[in-house]
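*Asks:* Pasting work-v1.tsv below, which is TSV, C-alpha atoms and all ligand atoms.
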chain	number	residue	atom	x	y	z
A	1	MET	CA	-16.36	-18.81	3.38
A	2	PRO	CA	-13.16	-16.95	4.29
A	3	SER	CA	-10.24	-16.91	1.90
A	4	VAL	CA	-7.89	-19.89	2.10
A	5	TYR	CA	-5.11	-17.36	2.86
A	6	GLU	CA	-6.76	-16.66	6.20
A	7	TYR	CA	-6.11	-20.22	7.33
A	8	THR	CA	-3.31	-21.18	9.65
A	9	LYS	CA	-1.59	-24.46	8.90
A	10	ASP	CA	-3.50	-26.15	11.73
A	11	GLN	CA	-6.79	-24.94	10.33
A	12	LEU	CA	-5.81	-26.24	6.92
A	13	ALA	CA	-4.97	-29.60	8.51
A	14	GLU	CA	-8.46	-29.71	10.02
A	15	LEU	CA	-9.94	-29.01	6.63
A	16	LEU	CA	-7.94	-31.86	5.16
A	17	ALA	CA	-8.75	-34.32	7.95
A	18	GLY	CA	-8.87	-37.80	6.46
A	19	GLU	CA	-6.20	-37.01	3.88
A	20	PRO	CA	-2.63	-38.20	4.43
A	21	ARG	CA	-0.69	-35.76	6.61
A	22	TYR	CA	1.77	-34.83	3.86
A	23	ARG	CA	-1.11	-33.38	1.84
A	24	VAL	CA	-1.20	-30.48	4.28
A	25	ASP	CA	2.44	-29.73	3.54
A	26	GLN	CA	1.85	-29.99	-0.18
A	27	VAL	CA	-1.10	-27.60	-0.17
A	28	TRP	CA	0.68	-25.24	2.19
A	29	HIS	CA	3.81	-25.22	0.05
A	30	GLY	CA	1.81	-24.70	-3.14
A	31	LEU	CA	-0.18	-21.86	-1.61
A	32	TRP	CA	2.52	-19.92	0.14
A	33	SER	CA	5.94	-20.83	-1.28
A	34	GLU	CA	4.91	-21.41	-4.87
A	35	GLY	CA	2.09	-18.88	-4.79
A	36	GLN	CA	-0.12	-21.24	-6.77
A	37	ALA	CA	-3.86	-20.99	-7.12
A	38	LEU	CA	-5.54	-23.99	-5.47
A	39	GLY	CA	-6.56	-25.44	-8.82
A	40	ASP	CA	-2.92	-25.38	-9.98
A	41	ILE	CA	-1.32	-27.30	-7.12
A	42	THR	CA	-0.49	-30.36	-9.19
A	43	THR	CA	1.29	-32.19	-6.38
A	44	ILE	CA	-2.12	-33.14	-4.96
A	45	PRO	CA	-4.74	-35.37	-6.63
A	46	LYS	CA	-7.03	-33.80	-9.15
A	47	THR	CA	-10.21	-34.46	-7.16
A	48	LEU	CA	-8.84	-32.78	-4.04
A	49	ARG	CA	-7.59	-29.88	-6.13
A	50	ALA	CA	-11.03	-29.46	-7.64
A	51	ARG	CA	-12.75	-29.73	-4.25
A	52	LEU	CA	-10.53	-27.06	-2.71
A	53	ALA	CA	-10.78	-24.75	-5.70
A	54	LYS	CA	-14.57	-25.01	-5.51
A	55	GLN	CA	-14.63	-24.48	-1.77
A	56	PHE	CA	-12.39	-21.40	-1.98
A	57	PRO	CA	-13.28	-19.61	-5.19
A	58	GLY	CA	-11.38	-16.47	-4.12
A	59	GLY	CA	-12.84	-13.04	-3.61
A	60	LEU	CA	-11.33	-11.08	-6.48
A	61	GLU	CA	-12.73	-10.79	-9.97
A	62	VAL	CA	-10.66	-8.88	-12.51
A	63	ALA	CA	-12.71	-5.89	-13.68
A	64	ASN	CA	-9.88	-4.13	-15.45
A	65	ASP	CA	-6.30	-4.97	-16.33
A	66	VAL	CA	-3.97	-2.37	-17.80
A	67	GLN	CA	-0.26	-1.93	-18.16
A	68	SER	CA	2.27	0.80	-18.81
A	69	ASP	CA	6.02	1.39	-18.72
A	70	HIS	CA	6.32	-1.29	-21.43
A	71	GLY	CA	4.69	-3.87	-19.20
A	72	ALA	CA	6.82	-3.13	-16.12
A	73	THR	CA	3.76	-1.68	-14.38
A	74	ARG	CA	0.49	-3.55	-14.28
A	75	LYS	CA	-2.64	-2.47	-12.60
A	76	TRP	CA	-5.81	-4.36	-11.87
A	77	VAL	CA	-9.17	-3.25	-10.69
A	78	PHE	CA	-10.78	-6.10	-8.78
A	79	ARG	CA	-14.47	-6.43	-8.13
A	80	LEU	CA	-15.10	-7.95	-4.71
A	81	THR	CA	-17.95	-10.34	-3.96
A	82	ASP	CA	-20.18	-7.48	-2.77
A	83	GLY	CA	-19.58	-5.50	-5.97
A	84	SER	CA	-17.21	-2.90	-4.53
A	85	THR	CA	-13.95	-2.29	-6.39
A	86	ILE	CA	-10.34	-1.95	-5.34
A	87	GLU	CA	-7.07	-1.63	-7.17
A	88	THR	CA	-3.72	-3.36	-7.05
A	89	VAL	CA	-0.54	-2.31	-8.84
A	90	LEU	CA	2.47	-4.46	-9.67
A	91	MET	CA	5.75	-2.69	-10.39
A	92	GLY	CA	8.85	-4.42	-11.69
A	93	TYR	CA	12.21	-2.73	-11.09
A	94	ASP	CA	15.73	-3.95	-11.81
A	95	ASP	CA	16.33	-5.00	-8.23
A	96	ARG	CA	12.85	-5.74	-6.88
A	97	VAL	CA	9.26	-6.52	-7.69
A	98	THR	CA	6.74	-4.58	-5.65
A	99	VAL	CA	3.01	-4.89	-5.29
A	100	CYS	CA	0.90	-2.02	-4.02
A	101	VAL	CA	-2.24	-3.28	-2.30
A	102	SER	CA	-5.49	-1.75	-1.11
A	103	SER	CA	-6.55	-2.12	2.50
A	104	GLN	CA	-10.06	-0.72	2.21
A	105	ALA	CA	-12.64	-0.20	-0.52
A	106	GLY	CA	-12.61	3.59	-0.52
A	107	CYS	CA	-11.30	5.61	2.40
A	108	ALA	CA	-12.89	7.66	5.15
A	109	MET	CA	-9.96	10.05	5.62
A	110	GLY	CA	-11.10	12.50	2.99
A	111	CYS	CA	-7.75	13.89	1.88
A	112	THR	CA	-8.77	16.58	-0.55
A	113	PHE	CA	-6.27	15.78	-3.32
A	114	CYS	CA	-6.89	12.02	-3.34
A	115	ALA	CA	-9.35	10.31	-5.68
A	116	THR	CA	-10.07	7.61	-3.11
A	117	GLY	CA	-10.69	10.21	-0.43
A	118	GLN	CA	-13.04	12.08	-2.72
A	119	ALA	CA	-15.08	8.95	-3.39
A	120	GLY	CA	-15.55	8.14	0.31
A	121	PHE	CA	-15.54	4.93	2.31
A	122	THR	CA	-17.23	1.71	1.27
A	123	ARG	CA	-15.85	-0.93	3.64
A	124	HIS	CA	-12.80	-2.53	5.21
A	125	LEU	CA	-11.15	-5.36	3.30
A	126	THR	CA	-10.64	-8.71	4.99
A	127	ALA	CA	-7.12	-10.08	5.48
A	128	GLY	CA	-7.99	-12.66	2.83
A	129	GLU	CA	-8.79	-9.92	0.32
A	130	VAL	CA	-5.50	-8.18	1.05
A	131	LEU	CA	-3.53	-11.43	0.77
A	132	GLU	CA	-5.30	-12.46	-2.41
A	133	GLN	CA	-4.14	-9.22	-4.04
A	134	VAL	CA	-0.57	-10.06	-3.11
A	135	MET	CA	-0.75	-13.65	-4.31
A	136	PHE	CA	-2.50	-12.68	-7.53
A	137	ALA	CA	0.30	-10.21	-8.24
A	138	ALA	CA	2.93	-12.77	-7.27
A	139	ARG	CA	1.55	-15.12	-9.92
A	140	ALA	CA	1.50	-12.36	-12.52
A	141	ALA	CA	5.11	-11.46	-11.67
A	142	ALA	CA	6.45	-14.98	-12.27
A	143	PRO	CA	9.09	-16.02	-13.10
A	144	ARG	CA	10.33	-13.06	-11.10
A	145	ARG	CA	9.76	-13.36	-7.38
A	146	LEU	CA	7.67	-10.76	-5.65
A	147	SER	CA	9.92	-9.10	-3.09
A	148	ASN	CA	8.08	-6.10	-1.65
A	149	VAL	CA	4.57	-5.28	-0.56
A	150	VAL	CA	3.46	-1.69	0.02
A	151	PHE	CA	0.13	-0.73	1.57
A	152	MET	CA	-0.30	2.31	-0.64
A	153	GLY	CA	-3.36	1.42	-2.68
A	154	MET	CA	-6.86	2.45	-1.71
A	155	GLY	CA	-7.64	2.98	1.92
A	156	GLU	CA	-5.90	3.78	5.18
A	157	PRO	CA	-4.22	0.59	6.43
A	158	LEU	CA	-4.00	1.78	10.03
A	159	ALA	CA	-7.75	2.44	10.09
A	160	ASN	CA	-8.09	-1.29	9.32
A	161	TYR	CA	-5.44	-2.19	11.85
A	162	ILE	CA	-6.19	-5.81	12.77
A	163	VAL	CA	-6.50	-6.83	9.15
A	164	THR	CA	-3.34	-5.00	8.12
A	165	MET	CA	-1.32	-6.64	10.88
A	166	LYS	CA	-2.77	-10.05	10.14
A	167	ALA	CA	-1.86	-9.72	6.46
A	168	VAL	CA	1.60	-8.44	7.31
A	169	ARG	CA	2.27	-11.32	9.69
A	170	ARG	CA	1.09	-13.92	7.23
A	171	LEU	CA	3.31	-12.47	4.52
A	172	HIS	CA	6.27	-12.46	6.83
A	173	GLU	CA	5.76	-15.84	8.46
A	174	TYR	CA	4.11	-17.88	5.71
A	175	ARG	CA	5.41	-16.28	2.54
A	176	GLY	CA	8.81	-15.50	4.04
A	177	LEU	CA	8.93	-11.86	3.04
A	178	SER	CA	11.34	-9.77	5.03
A	179	ALA	CA	9.53	-7.37	7.38
A	180	ARG	CA	11.69	-4.57	5.99
A	181	HIS	CA	10.22	-5.25	2.58
A	182	LEU	CA	6.71	-4.70	3.90
A	183	THR	CA	5.76	-1.03	3.90
A	184	VAL	CA	2.76	0.42	5.66
A	185	SER	CA	1.84	3.87	4.42
A	186	THR	CA	-0.32	5.95	6.72
A	187	VAL	CA	-1.83	9.37	6.64
A	188	GLY	CA	-0.75	9.69	10.28
A	189	VAL	CA	-3.01	7.80	12.68
A	190	ALA	CA	-0.69	8.54	15.60
A	191	PRO	CA	-1.96	6.01	18.19
A	192	ALA	CA	-1.97	3.24	15.58
A	193	ILE	CA	1.64	4.04	14.62
A	194	GLU	CA	2.55	3.59	18.28
A	195	ARG	CA	0.59	0.37	18.51
A	196	MET	CA	2.32	-0.95	15.40
A	197	ALA	CA	5.66	-0.01	16.93
A	198	ARG	CA	4.96	-2.48	19.71
A	199	GLU	CA	4.24	-5.41	17.37
A	200	GLY	CA	7.88	-6.41	17.34
A	201	LEU	CA	8.21	-6.39	13.55
A	202	PRO	CA	10.80	-4.18	11.83
A	203	LEU	CA	8.37	-3.02	9.15
A	204	THR	CA	8.98	-0.04	6.92
A	205	LEU	CA	6.83	2.95	7.79
A	206	ALA	CA	5.88	5.69	5.35
A	207	VAL	CA	3.95	8.69	6.62
A	208	SER	CA	2.05	10.81	4.12
A	209	LEU	CA	2.97	14.23	5.38
A	210	HIS	CA	2.34	16.68	2.48
A	211	ALA	CA	2.51	19.75	4.70
A	212	ALA	CA	4.59	20.71	7.71
A	213	ASN	CA	2.39	23.47	9.04
A	214	ASN	CA	-0.94	22.63	10.67
A	215	GLU	CA	-2.98	25.13	8.71
A	216	THR	CA	-2.09	23.67	5.30
A	217	ARG	CA	-2.11	20.10	6.55
A	218	ASP	CA	-5.57	20.54	8.10
A	219	GLU	CA	-6.80	21.40	4.64
A	220	LEU	CA	-5.03	18.65	2.71
A	221	VAL	CA	-5.34	15.91	5.32
A	222	PRO	CA	-8.40	16.40	7.56
A	223	LEU	CA	-7.09	13.81	10.04
A	224	ASN	CA	-4.48	16.41	10.99
A	225	ARG	CA	-7.16	18.18	13.03
A	226	ARG	CA	-7.26	15.12	15.28
A	227	PHE	CA	-3.57	14.29	15.24
A	228	PRO	CA	-1.72	17.50	14.44
A	229	LEU	CA	1.94	17.66	13.45
A	230	GLU	CA	3.20	17.78	17.05
A	231	ARG	CA	1.29	14.60	17.95
A	232	LEU	CA	2.44	12.91	14.76
A	233	HIS	CA	6.02	13.85	15.61
A	234	ASP	CA	5.68	12.11	19.00
A	235	ALA	CA	4.36	8.99	17.29
A	236	CYS	CA	7.31	8.99	14.88
A	237	VAL	CA	9.76	9.34	17.76
A	238	ASN	CA	8.07	6.42	19.50
A	239	TRP	CA	8.18	4.37	16.32
A	240	MET	CA	11.91	4.84	15.97
A	241	ALA	CA	12.62	4.20	19.62
A	242	ALA	CA	10.62	0.96	19.69
A	243	THR	CA	11.64	-0.47	16.32
A	244	GLY	CA	15.06	1.01	15.66
A	245	ARG	CA	13.76	1.76	12.19
A	246	ARG	CA	13.82	5.07	10.38
A	247	LEU	CA	10.77	6.25	8.52
A	248	SER	CA	10.03	8.15	5.37
A	249	PHE	CA	7.66	10.96	4.52
A	250	GLU	CA	5.59	11.05	1.39
A	251	TRP	CA	5.13	14.51	-0.06
A	252	ALA	CA	2.92	14.99	-3.12
A	253	LEU	CA	4.09	18.27	-4.59
A	254	ILE	CA	1.18	20.58	-5.33
A	255	ASP	CA	1.77	23.68	-7.43
A	256	GLY	CA	1.81	26.76	-5.23
A	257	VAL	CA	0.49	24.87	-2.17
A	258	ASN	CA	3.35	22.84	-0.70
A	259	ASP	CA	6.19	23.36	-3.17
A	260	THR	CA	7.12	26.87	-2.02
A	261	ASP	CA	10.30	28.03	-0.31
A	262	ARG	CA	8.26	28.44	2.85
A	263	ALA	CA	7.22	24.80	2.62
A	264	LEU	CA	10.89	23.85	2.29
A	265	ASP	CA	11.75	25.79	5.42
A	266	GLU	CA	8.95	24.11	7.35
A	267	LEU	CA	9.57	20.58	6.14
A	268	ALA	CA	13.36	20.56	6.52
A	269	PRO	CA	13.56	20.90	10.32
A	270	TYR	CA	10.62	18.53	10.84
A	271	ALA	CA	12.24	15.82	8.69
A	272	ARG	CA	15.73	16.49	10.07
A	273	SER	CA	14.63	16.14	13.67
A	274	LEU	CA	13.37	12.63	12.84
A	275	ARG	CA	16.17	11.82	10.40
A	276	ALA	CA	13.39	10.93	8.00
A	277	HIS	CA	13.81	10.35	4.31
A	278	VAL	CA	11.49	12.40	2.10
A	279	ASN	CA	9.91	10.90	-1.01
A	280	LEU	CA	8.70	13.53	-3.41
A	281	ILE	CA	6.07	12.89	-6.04
A	282	PRO	CA	4.36	15.46	-8.22
A	283	LEU	CA	0.65	15.45	-7.43
A	284	ASN	CA	-1.42	13.52	-9.90
A	285	PRO	CA	-4.38	15.83	-10.50
A	286	THR	CA	-7.78	14.38	-9.62
A	287	PRO	CA	-11.18	15.57	-10.82
A	288	GLY	CA	-12.24	16.69	-7.34
A	289	TYR	CA	-9.18	18.88	-6.72
A	290	LEU	CA	-8.33	20.99	-9.69
A	291	VAL	CA	-4.82	21.98	-8.74
A	292	LEU	CA	-1.76	20.96	-10.68
A	293	GLY	CA	1.20	18.93	-9.62
A	294	SER	CA	4.46	20.87	-9.52
A	295	SER	CA	6.47	21.10	-12.73
A	296	SER	CA	9.34	18.67	-13.06
A	297	GLN	CA	11.72	21.60	-12.70
A	298	ARG	CA	10.14	22.65	-9.40
A	299	VAL	CA	10.21	19.05	-8.19
A	300	ARG	CA	13.97	18.97	-8.78
A	301	GLU	CA	14.47	22.36	-7.15
A	302	PHE	CA	12.47	21.25	-4.13
A	303	ARG	CA	14.56	18.11	-3.83
A	304	ASP	CA	17.76	20.13	-4.10
A	305	GLY	CA	16.41	22.57	-1.52
A	306	LEU	CA	15.85	19.75	0.93
A	307	VAL	CA	19.27	18.27	0.31
A	308	GLU	CA	20.87	21.69	0.87
A	309	ARG	CA	19.00	21.85	4.16
A	310	GLY	CA	20.43	18.52	5.26
A	311	VAL	CA	17.45	16.29	4.41
A	312	ASN	CA	17.70	13.02	2.60
A	313	ALA	CA	15.24	13.37	-0.30
A	314	THR	CA	14.48	11.57	-3.53
A	315	VAL	CA	11.96	12.01	-6.28
A	316	ARG	CA	9.77	8.97	-6.50
A	317	ASN	CA	9.38	7.37	-9.85
A	318	THR	CA	5.81	8.09	-10.92
A	319	ARG	CA	5.01	4.67	-12.23
A	320	GLY	CA	1.91	4.13	-14.25
A	321	ARG	CA	0.79	7.70	-14.69
A	322	SER	CA	-0.69	6.92	-18.07
A	323	ILE	CA	-2.91	4.29	-16.43
A	324	ASP	CA	-4.17	6.50	-13.61
A	325	ALA	CA	-2.02	4.77	-11.04
A	326	ALA	CA	-2.45	7.45	-8.40
A	327	CYS	CA	-4.50	6.37	-5.47
A	328	GLY	CA	-8.01	5.33	-6.46
A	329	GLN	CA	-8.15	6.83	-9.88
A	330	LEU	CA	-8.38	3.75	-12.04
A	331	ALA	CA	-11.14	2.22	-9.92
A	332	ASN	CA	-13.15	5.37	-10.39
A	333	VAL	CA	-12.67	5.39	-14.12
A	334	THR	CA	-13.64	1.73	-14.37
A	335	ASN	CA	-16.82	2.38	-12.43
A	336	GLY	CA	-17.64	5.24	-14.75
A	337	ARG	CA	-18.07	7.43	-11.71
A	338	ARG	CA	-15.46	9.91	-12.72
A	339	ARG	CA	-13.63	10.65	-15.89
A	340	SER	CA	-9.90	10.60	-16.03
A	341	ILE	CA	-8.26	13.88	-16.82
A	342	PRO	CA	-4.95	14.19	-18.64
A	343	VAL	CA	-1.87	14.66	-16.55
A	344	ARG	CA	1.12	16.67	-17.49
A	345	SER	CA	4.11	14.49	-18.08
A	346	ALA	CA	6.70	14.43	-15.32
A	401	LIG	N1	-3.93	5.97	3.14
A	401	LIG	C1	-2.54	5.75	3.10
A	401	LIG	C2	-2.08	4.83	1.99
A	401	LIG	C3	-2.80	4.95	0.68
A	401	LIG	S1	-2.55	6.47	-0.20
A	401	LIG	C4	-1.80	7.08	3.01
A	401	LIG	O1	-2.45	8.10	2.77
A	401	LIG	O2	-0.59	7.08	3.21
A	401	LIG	C5	-0.91	6.19	-0.86
A	401	LIG	C6	-0.15	7.46	-1.20
A	401	LIG	O3	-0.69	8.10	-2.36
A	401	LIG	C7	-0.18	8.49	-0.08
A	401	LIG	O4	1.11	8.97	0.15
A	401	LIG	C8	-1.08	9.54	-0.66
A	401	LIG	O5	-0.87	10.77	-0.08
A	401	LIG	C9	-0.72	9.48	-2.12
A	401	LIG	N2	-1.69	10.13	-3.02
A	401	LIG	C10	-3.02	10.13	-2.94
A	401	LIG	N3	-3.56	10.84	-3.94
A	401	LIG	C11	-2.54	11.29	-4.69
A	401	LIG	C12	-2.45	12.09	-5.87
A	401	LIG	N4	-3.54	12.54	-6.46
A	401	LIG	N5	-1.23	12.36	-6.35
A	401	LIG	C13	-0.11	11.89	-5.75
A	401	LIG	N6	-0.13	11.13	-4.63
A	401	LIG	C14	-1.33	10.84	-4.10
A	402	LIG	FE1	-7.23	7.83	2.33
A	402	LIG	FE2	-4.58	7.84	1.88
A	402	LIG	FE3	-6.31	8.85	0.07
A	402	LIG	FE4	-5.93	10.14	2.36
A	402	LIG	S1	-4.40	9.78	0.76
A	402	LIG	S2	-7.91	9.73	1.41
A	402	LIG	S3	-5.67	8.46	3.76
A	402	LIG	S4	-6.15	6.75	0.72
What is this file in structure tokens?
Ligand code: SAH
Ligand code: SF4
*Replies:*
Amino acid sequence: MPSVYEYTKDQLAELLAGEPRYRVDQVWHGLWSEGQALGDITTIPKTLRARLAKQFPGGLEVANDVQSDHGATRKWVFRLTDGSTIETVLMGYDDRVTVCVSSQAGCAMGCTFCATGQAGFTRHLTAGEVLEQVMFAARAAAPRRLSNVVFMGMGEPLANYIVTMKAVRRLHEYRGLSARHLTVSTVGVAPAIERMAREGLPLTLAVSLHAANNETRDELVPLNRRFPLERLHDACVNWMAATGRRLSFEWALIDGVNDTDRALDELAPYARSLRAHVNLIPLNPTPGYLVLGSSSQRVREFRDGLVERGVNATVRNTRGRSIDAACGQLANVTNGRRRSIPVRSA
């Protein structure tokens, strides 16, 4: 049985055939506007509630639940019905509440520094599984209202394109989230960026760049061999032309690898030519890639270096470091596959 979040309103109406018409509105409102679990939609009769809750048990089972930043960051590992695990992170800020969702169990892209990449690909998530992560987090965030969704958990969202777009559309149309508040982060699947540009939705695009010369990027991000920096640049130009939206680059600073003055000189013109914002984060070391993140001093110097070179750059708040919030790490620890290693404080 698919997730109830996969249903359109017409499909829900079919499911509720025989019930008064206003029941459809009540269930729909409870599900999407209120973000309620089916069993908690008290505007409908108890028997119907129970029937629906039984029919749609949901596909996520909490396997781990941790928090940090005095409760402002929460992270769950969910076990899916087939036993594979994914992770979801909820981050509360002064001005917004953001959930970071997974789009795949594992990832086939094999980025060397990434725990998810090191563990390999298990399977694509369904749109229902993506949406259930969002709605679960929305309930946990209450009474604050979830405002932003970022596809920065496990997996490459543009390698699971149909599902990602379906989830994005549902969140925009049914939940009423602004497209600008929906961020798709990609390692740089150039044709899929161009396809997404034609969807007619002003989404926010984040590209995980990490290196601005092909030799280094080939090593960090194997997909670069297929879509090298020049091709990625074209895709970014097309994105901006079609959507009128700027984009940002993610850059995980790795000691001695991409935090050098040479890296600054390579990144600055690339980012400037696209008027892209650069988000810097110190690498969170992973067991399969024993290189350190840059020191906090070097992170600041690198940011200043970019700003001096005319690039808009900020250091991203490393939320949840103490709970292994970097991509894929907590799921691995929960599975006992890999041991967490201490990180140096930012
Ligand atoms: N596959 C997509 C989205 C998921 S990864 C992508 O790569 O963009 C989300 C972000 O976490 C990416 O920017 C990725 O490069 C970054 N990341 C992965 N492992 C990391 C680590 N060990 N330290 C810091 N950032 C990491
Ligand atoms: Fe996949 Fe993103 Fe990790 Fe690369 S960084 S392996 S694309 S999840």
*Asks:* List as a VMD selection string the protein and nucleic acid residues lying within 8 Å of ligand LIG 401 (chain A), with all atoms listed in the file counted.
*Replies:* chain A and resid 102 107 109 111 113 to 117 151 to 157 184 to 188 206 to 210 250 to 253 281 to 286 293 326 to 328
*Asks:* Tell me which of A:Asn258, A:Ser103, A:Ser296, A:Thr43 sits closest to ligand LIG 402 (chain A), counting all atoms listed in the file.
*Replies:* A:Ser103
*Asks:* Using all atoms listed in the file, can you list as a PyMOL selection string the residues within 10 Å of (8.9, -5.9, -12.1)?
*Replies:* chain A and resi 71-74+90-99+140-142+144-147
*Asks:* Could you take the residues named above and write them with C-alpha atoms, as an mmCIF file, in the coordinates of the input?
*Replies:*
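Result file follows (again_30.cif):
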data_model
loop_
_atom_site.group_PDB
_atom_site.id
_atom_site.type_symbol
_atom_site.label_atom_id
_atom_site.label_comp_id
_atom_site.auth_asym_id
_atom_site.auth_seq_id
_atom_site.Cartn_x
_atom_site.Cartn_y
_atom_site.Cartn_z
ATOM 1 C CA GLY A 71 4.690 -3.870 -19.200
ATOM 2 C CA ALA A 72 6.820 -3.130 -16.120
ATOM 3 C CA THR A 73 3.760 -1.680 -14.380
ATOM 4 C CA ARG A 74 0.490 -3.550 -14.280
ATOM 5 C CA LEU A 90 2.470 -4.460 -9.670
ATOM 6 C CA MET A 91 5.750 -2.690 -10.390
ATOM 7 C CA GLY A 92 8.850 -4.420 -11.690
ATOM 8 C CA TYR A 93 12.210 -2.730 -11.090
ATOM 9 C CA ASP A 94 15.730 -3.950 -11.810
ATOM 10 C CA ASP A 95 16.330 -5.000 -8.230
ATOM 11 C CA ARG A 96 12.850 -5.740 -6.880
ATOM 12 C CA VAL A 97 9.260 -6.520 -7.690
ATOM 13 C CA THR A 98 6.740 -4.580 -5.650
ATOM 14 C CA VAL A 99 3.010 -4.890 -5.290
ATOM 15 C CA ALA A 140 1.500 -12.360 -12.520
ATOM 16 C CA ALA A 141 5.110 -11.460 -11.670
ATOM 17 C CA ALA A 142 6.450 -14.980 -12.270
ATOM 18 C CA ARG A 144 10.330 -13.060 -11.100
ATOM 19 C CA ARG A 145 9.760 -13.360 -7.380
ATOM 20 C CA LEU A 146 7.670 -10.760 -5.650
ATOM 21 C CA SER A 147 9.920 -9.100 -3.090
#
*Asks:* Which polymer residues, protein or nucleic acid, are no farther than 12 Å from (-7.4, -8.9, 5.5), counting all atoms listed in the file, as a PyMOL selection string?
*Replies:* chain A and resi 2-7+59+101-105+123-134+151+157+160-171
*Asks:* For a test of reading the model, state the distance in Å between CA of Leu52 (chain A) and CA of Thr81 (chain A), rounded to one decimal.
*Replies:*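 That distance, rounded to one decimal, is 18.3 Å.
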*Asks:* Rank A:Cys236, A:Ala276, A:Val299, A:Val221 by their smallest atom-to-atom distance to ligand LIG 402 (chain A), using all atoms listed in the file, and report the top residue only.
*Replies:*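 Looking at the shortest contact to ligand LIG 402 (chain A), the residue is A:Val221.
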*Asks:* Using only C-alpha atoms, which of A:Val278, A:Leu15, A:Leu306, A:Ala37 sits nearest Gly58 (chain A)?
*Replies:* A:Ala37
*Asks:* If you measure from CA of Tyr270 (chain A) to CA of Leu223 (chain A), what distance in Å do you get, rounded to one decimal?
*Replies:*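 If I compute the distance from CA of Tyr270 (chain A) to CA of Leu223 (chain A), I get 18.3 Å.
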*Asks:* I'd like the contact shell of Arg51 (chain A) - 12 Å cut-off, only C-alpha atoms, skipping same-chain residues fewer than 5 positions apart - returned as a compact mmCIF listing (two decimals) with C-alpha atoms, keeping the file's coordinate frame.
*Replies:*
# COMPACT_ATOMS: atom_id res chain seq x y z
CA LEU A 15 -9.94 -29.01 6.63
CA LEU A 16 -7.94 -31.86 5.16
CA LEU A 38 -5.54 -23.99 -5.47
CA GLY A 39 -6.56 -25.44 -8.82
CA ILE A 44 -2.12 -33.14 -4.96
CA PRO A 45 -4.74 -35.37 -6.63
CA LYS A 46 -7.03 -33.80 -9.15
CA PHE A 56 -12.39 -21.40 -1.98
CA PRO A 57 -13.28 -19.61 -5.19
